[in-house]
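All remarks here apply to the structure that follows.
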Amino acid sequence: MLFRVLLACCAAVSLLVASPAARANAYEAALPAELHTAPDLCALVPCAEVFPGATSFSQRKGQPPYVEAYGSEPGGKGDARKLLGYVMLSTDITDTPAYSGKPVVTLIGMDTAGRFVGLKVLKHSEPILLLGIPEEALVRFNQQYVGKSVADKIEVGQSRPDEGVLGVDAISGATVTVIAQNQVVTTAGSAVARQVGILAPTQREPARFRVTGTRSSWAGLVEQGAVQRLVVQPEQVGLPRGDTPFIELWFGDLNHPDIGRSLLGDTGHANLLAQLKEGEHALFVIRTAGQESFKGSGFVRGGIYDRIQLHQEADAFTFRDLDYLNLYGLEAEGAPRFTESAIFIVRSPAFSPAYPWKLSFLGNRVDRATGTRSFANFDAEYWLPDSALEGGRPAVQRPQATWVRVWKDRAVQIGLFAALLVAVAVVYALRDRLTRRATHKNKWAVNGFKYTGWVLSVVFVGFGAMAQPSITQVLTWFHSLLFQWRWSLFLSDPFIFLFWVFIVITVFVWGRGLFCGWLCPFGSLQEILHKAAGALGLKRWQFKLPRRWHDRLKWVKYGIFVGLLAVSMFSMGLAEMLAEVEPFKTTFLVGLFNRAWPYTLFAASLLGLSLFIERPFCKYLCPLGGALAMPSTFRWFGLRRKPDCNRCKACAVGCGAQAIDEHGRIDHRECLHCLDCMVLYTDSTGCPPLAKERKQRERAGLPLTPIGRDGYFIPIRPVPMDAAPAAREVSGVDPRMPTPPAAAPYAMPARTLRWLAAELLHHLWPWSRGGFGRRRALQAAGVSLALAASLAWPLAASGRLSSGALIGWWFGWSVYEVLIRLDQKRLVKDGPWWQHHWRVASVMDMLSYVGMKNLLIGATLFLGLKTLGLLVV
């Protein structure tokens, strides 16, 4: 019955996810390929929606581009029109990324007084706004700008009238997204307002050159930073990787006498200065590699050079035909040969070479998988050397990264959260002391800390900080590790970042149980409901699934995790949608009563089931639990067992996670670290073997000695070392090991070079000496597959194989390696890797071992090839 209910709930969510009506209109919406280049912007996007009352719109004007909005002139004759304001496309002006690492493409309307009159999101890539938070929340956030002026200082958060700051309310759970969106709106509005005269142009102090009369070679100019390089590789624009760049440009300032004379010679520099008016500045650009023209093939007389721009803070400068001069040669010693050249003149008084500026090459990037074109900017910064300016470079206050602002704004909450994580880890590390002070009838020495952790995780972590870890973060981490690692993406949510640092460390030290059993907000909520239901009289109806059904259903979470991981390789967006099998967003980010009914029904059903079954979601459906369970196979430290545990069922009967089998062995992939078994381990009244010995001693009048680490009373008389093993002899299955012990595949002293070589050989060579001679056809196929998978790496490095195909080969090899190791090397280590505790591997052990090992090897090779610039992604 339980299984049917769970399947029905999953089906309801899947139907909603698959329904086109349920999908947000702007999530990864397809935009016209010519959106950023077409003169008539408003023929492609709904400009009237962001500028109510406008009846017509001009073509693109200015740089950065904008569109004029017109209305009918009251009492006007004929075609009389009145300028009402301006419409701009955010990505024409700034490509500030949001939480997904991609910009939110926004259409913005602004009247002639500089007040925002409308905003519309055309496209975003924020999965949290697709499923976790309704897209309407972003719409409501944008509406807060309507009526505010571009001259206002607008920040996300509370208004501060004494500082002249106007606040806009954030979206709970999407802080990074709205901070980035605020930066986009204010930056775009200010850039256009300065162009059209609403805001005063930026005033920068003119450069005061320090002239020494020194002539420098090309190499010297490059070393000083007086000449800079901008290079775009073919793979950056979606083309196959080649031996030469897509385009390679060199550029620099020509007004500075020392630099200008070094590059043009005395006569050439004097002739250039004679053509410049006061306040004008010249720079040179040359192309030294690549076939792409930086002047643009579509240039016409009277037009603009649409491939090149200058950016200085929020100001953008473009060049028309009258701003161009021929550059016939460079006189600097060692100057490279070039195939295209130009001198461009910046005529705007807002530009000052004393401050940093960027040269931007504008182009299109083609997605090789879908053929989709997207607008792309490739920048290189230029700033005159400190020694070239009188008094040195001026002080420049660069805007803080979004993640830095988030950490500073929430420093107190972050500190409290970090203290909570440290406190829980310390308490758990001292678990032996706590469990010895508890008994099976009074567990408050342990439960006091555990219950406090549950309450804090639900109230403070879940509903307060909204820091519920999710399988989507595992997928993001996996893709970032393989394709494009960005620290800023992970640092932008400090609570999630700190939580994952805690999770990674504790999973490898103790297993997943500390997070899943003590600090997971949704798991804690289930546990609180289960305990409360029992205390309120529902205990008689609480039950555990029969062992045979539990042992079948516990694999479902692993299947969901693997399925999501596989889907993410083809479509991260689809994987994000299918990850709604996690009810975390519904419960903590949005609220049970703020979502469509299938989501609420699914989350409520799981919480309702938890009244009667302890943690049903954690045990059977949680893909995050499945992901963390696999590395838990190799946790360093586990919970203690004693030889008599293979005959005593006391711990197994009381285990809510059903992680103890009929032999008394603990499956640390399933254990949630409730510590009930550890309480019994040293409880002389609750642990049957201890109780038996206690009674025997009491009847014989013998003293009760303390209980040792092995879980038994310390002998009254010292036991010789050689007799100790006999006193603890195991009859039957040894419950202290998850599986039977196995002989080491090699015998040599640890921590030596020979030992290290043997370790590497064991991990890299899956065949055994005896097994390699059997089933020669199978071995030959395996060797061929290994060679093909190895050959895939140099093919990928040479650009002949995509990263997706490389992952496919690596996955195929991993499947084969699991099969061959199960046949020939069916063993894994238990505990710290530098020790020699080998045991027989179960199928899940081997899947976890091969999966983790090959993921680390593959990630290392990926990162190595990418660092060398040899991998097409």
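Going through the structure tokens in order, the chains are called A, B, and so on, while each chain numbers its residues from 1 and the ligands are numbered from 1 in the order shown.
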Could you pull out the residues in segment 70-190 of chain A that DSSP calls strand (DSSP E or B) from the backbone, as a count of residues only? 39
Enumerate as a ChimeraX atom specification all residues of segment 624-851 of chain A assigned to helix (DSSP H, G or I) by DSSP on the backbone, naming them with the chain letters and numbers the document uses. /A:624-632,643-646,650-654,676-681,688-700,721-727,753-764,769-772,776-797,803-824,843-851
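Going from atom CA of Ala98 of chain A to atom CA of Asn377 of chain A covers 16.6 Å.
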Any idea what's packed within 8 Å of Phe338 of chain A, counting only C-alpha atoms, ignoring anything in its chain fewer than 4 positions away? Could you give it as number ranges by chain? A: 286-289
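Residue neighbourhood of segment 459-465 of chain A, excluding near-sequence residues (fewer than 6 positions): Phe417, Phe495, Pro521, Phe522, Phe588 and Leu589 of chain A, at 8 Å, using only C-alpha atoms.
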Could you dump the residues just selected with all heavy atoms as a CSV table (one decimal), in the first residue's frame?
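Done, and the output landed in again.csv:
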```csv
chain,number,residue,atom,x,y,z
A,417,PHE,N,25.3,30.0,11.9
A,417,PHE,CA,25.2,28.7,11.2
A,417,PHE,C,26.4,27.9,11.3
A,417,PHE,O,26.4,26.7,11.5
A,417,PHE,CB,24.8,29.0,9.8
A,417,PHE,CG,24.5,27.8,9.0
A,417,PHE,CD1,23.5,26.9,9.3
A,417,PHE,CD2,25.3,27.5,7.9
A,417,PHE,CE1,23.3,25.8,8.5
A,417,PHE,CE2,25.1,26.3,7.1
A,417,PHE,CZ,24.1,25.5,7.5
A,495,PHE,N,25.1,29.8,3.1
A,495,PHE,CA,24.6,28.7,4.0
A,495,PHE,C,24.8,27.4,3.3
A,495,PHE,O,25.3,26.4,3.9
A,495,PHE,CB,23.2,29.0,4.3
A,495,PHE,CG,23.0,30.2,5.1
A,495,PHE,CD1,22.5,31.3,4.5
A,495,PHE,CD2,23.3,30.3,6.4
A,495,PHE,CE1,22.3,32.5,5.2
A,495,PHE,CE2,23.1,31.4,7.2
A,495,PHE,CZ,22.6,32.5,6.6
A,521,PRO,N,17.0,19.4,7.2
A,521,PRO,CA,15.8,20.0,7.6
A,521,PRO,C,14.5,19.1,7.4
A,521,PRO,O,13.7,18.9,8.2
A,521,PRO,CB,15.7,21.3,6.8
A,521,PRO,CG,17.1,21.6,6.6
A,521,PRO,CD,17.8,20.3,6.4
A,522,PHE,N,14.4,18.5,6.2
A,522,PHE,CA,13.2,17.7,5.9
A,522,PHE,C,13.3,16.4,6.6
A,522,PHE,O,12.2,16.0,7.1
A,522,PHE,CB,13.1,17.5,4.4
A,522,PHE,CG,11.8,16.9,4.0
A,522,PHE,CD1,10.7,17.7,3.8
A,522,PHE,CD2,11.6,15.5,3.8
A,522,PHE,CE1,9.4,17.2,3.5
A,522,PHE,CE2,10.4,15.0,3.4
A,522,PHE,CZ,9.3,15.8,3.3
A,588,PHE,N,10.1,24.3,2.3
A,588,PHE,CA,10.8,25.3,2.9
A,588,PHE,C,10.9,26.6,2.1
A,588,PHE,O,10.8,27.7,2.7
A,588,PHE,CB,12.2,24.8,3.2
A,588,PHE,CG,12.3,23.7,4.2
A,588,PHE,CD1,12.6,22.4,3.8
A,588,PHE,CD2,11.9,23.8,5.5
A,588,PHE,CE1,12.7,21.3,4.7
A,588,PHE,CE2,11.9,22.8,6.4
A,588,PHE,CZ,12.3,21.5,6.0
A,589,LEU,N,11.0,26.5,0.8
A,589,LEU,CA,11.2,27.8,0.0
A,589,LEU,C,9.9,28.5,-0.3
A,589,LEU,O,9.8,29.7,-0.2
A,589,LEU,CB,12.0,27.4,-1.3
A,589,LEU,CG,13.4,27.0,-1.1
A,589,LEU,CD1,14.0,26.7,-2.5
A,589,LEU,CD2,14.2,28.0,-0.3
```
Would you kindly return, as a ChimeraX atom specification, each protein, DNA or RNA residue with an atom no farther than 10 Å from any atom of Thr186 of chain A, considering only C-alpha atoms and excluding same-chain residues fewer than 5 positions away? /A:90,116,145,149-155,181,191
Spatial neighbours of Thr214 of chain A, max dist 10 Å, only C-alpha atoms, sep filter under 3 positions, as a list in words: Val211, Pro257, Asp258, Ile259, Arg261 and Ser262 of chain A
Residue nearest Ala335 of chain A - candidates A:Gly453, A:Pro201, A:Gly220, A:Gly638, atoms counted: only C-alpha atoms: A:Gly220
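Residue neighbourhood of Arg337 of chain A, excluding near-sequence residues (fewer than 2 positions): Trp218, Glu248, Leu249, Trp250, Ile286, Arg287, Thr288, Ala289, Tyr328, Gly329, Leu330, Glu331, Ala332, Glu333, Gly334, Ala335, Thr339, Glu340 and Ser341 of chain A, at 12 Å, using only C-alpha atoms.
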For C-alpha atoms, I'd like the residues from the last selection saved as a compact mmCIF listing (two decimals), in the first residue's frame.
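Now in part.txt:
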```txt
# COMPACT_ATOMS: atom_id res chain seq x y z
CA TRP A 218 57.54 45.47 -28.24
CA GLU A 248 44.12 37.39 -31.75
CA LEU A 249 44.29 41.13 -31.14
CA TRP A 250 46.90 43.41 -29.62
CA ILE A 286 46.10 44.96 -34.72
CA ARG A 287 45.16 41.40 -35.62
CA THR A 288 48.05 38.95 -35.54
CA ALA A 289 46.19 35.64 -35.92
CA TYR A 328 50.43 51.18 -41.81
CA GLY A 329 53.14 49.84 -39.53
CA LEU A 330 54.69 49.64 -36.07
CA GLU A 331 58.24 50.77 -35.43
CA ALA A 332 58.76 49.11 -32.03
CA GLU A 333 61.58 46.57 -32.15
CA GLY A 334 60.19 43.04 -32.29
CA ALA A 335 56.65 44.13 -33.19
CA THR A 339 47.01 41.12 -41.04
CA GLU A 340 44.60 43.87 -40.01
CA SER A 341 45.17 47.16 -38.22
```
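Note that atom CA of Gly654 of chain A and atom CA of Glu698 of chain A are 27.3 Å apart.
Comparing A:Gly363, A:Pro52, A:Pro65, A:Gly147 by their smallest distance to Pro39 of chain A, the closest is A:Pro65 (using only C-alpha atoms).
Restricting the calculation to only C-alpha atoms, the smallest distance between His673 of chain A and any of A:Pro399, A:Pro103, A:Pro703, A:Gly656 is found for A:Gly656.
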Would you mind telling me which residue in A:Asn442, A:Thr177, A:Gln228, A:Gln542 lies nearest to Ser492 of chain A when using only C-alpha atoms? A:Thr177
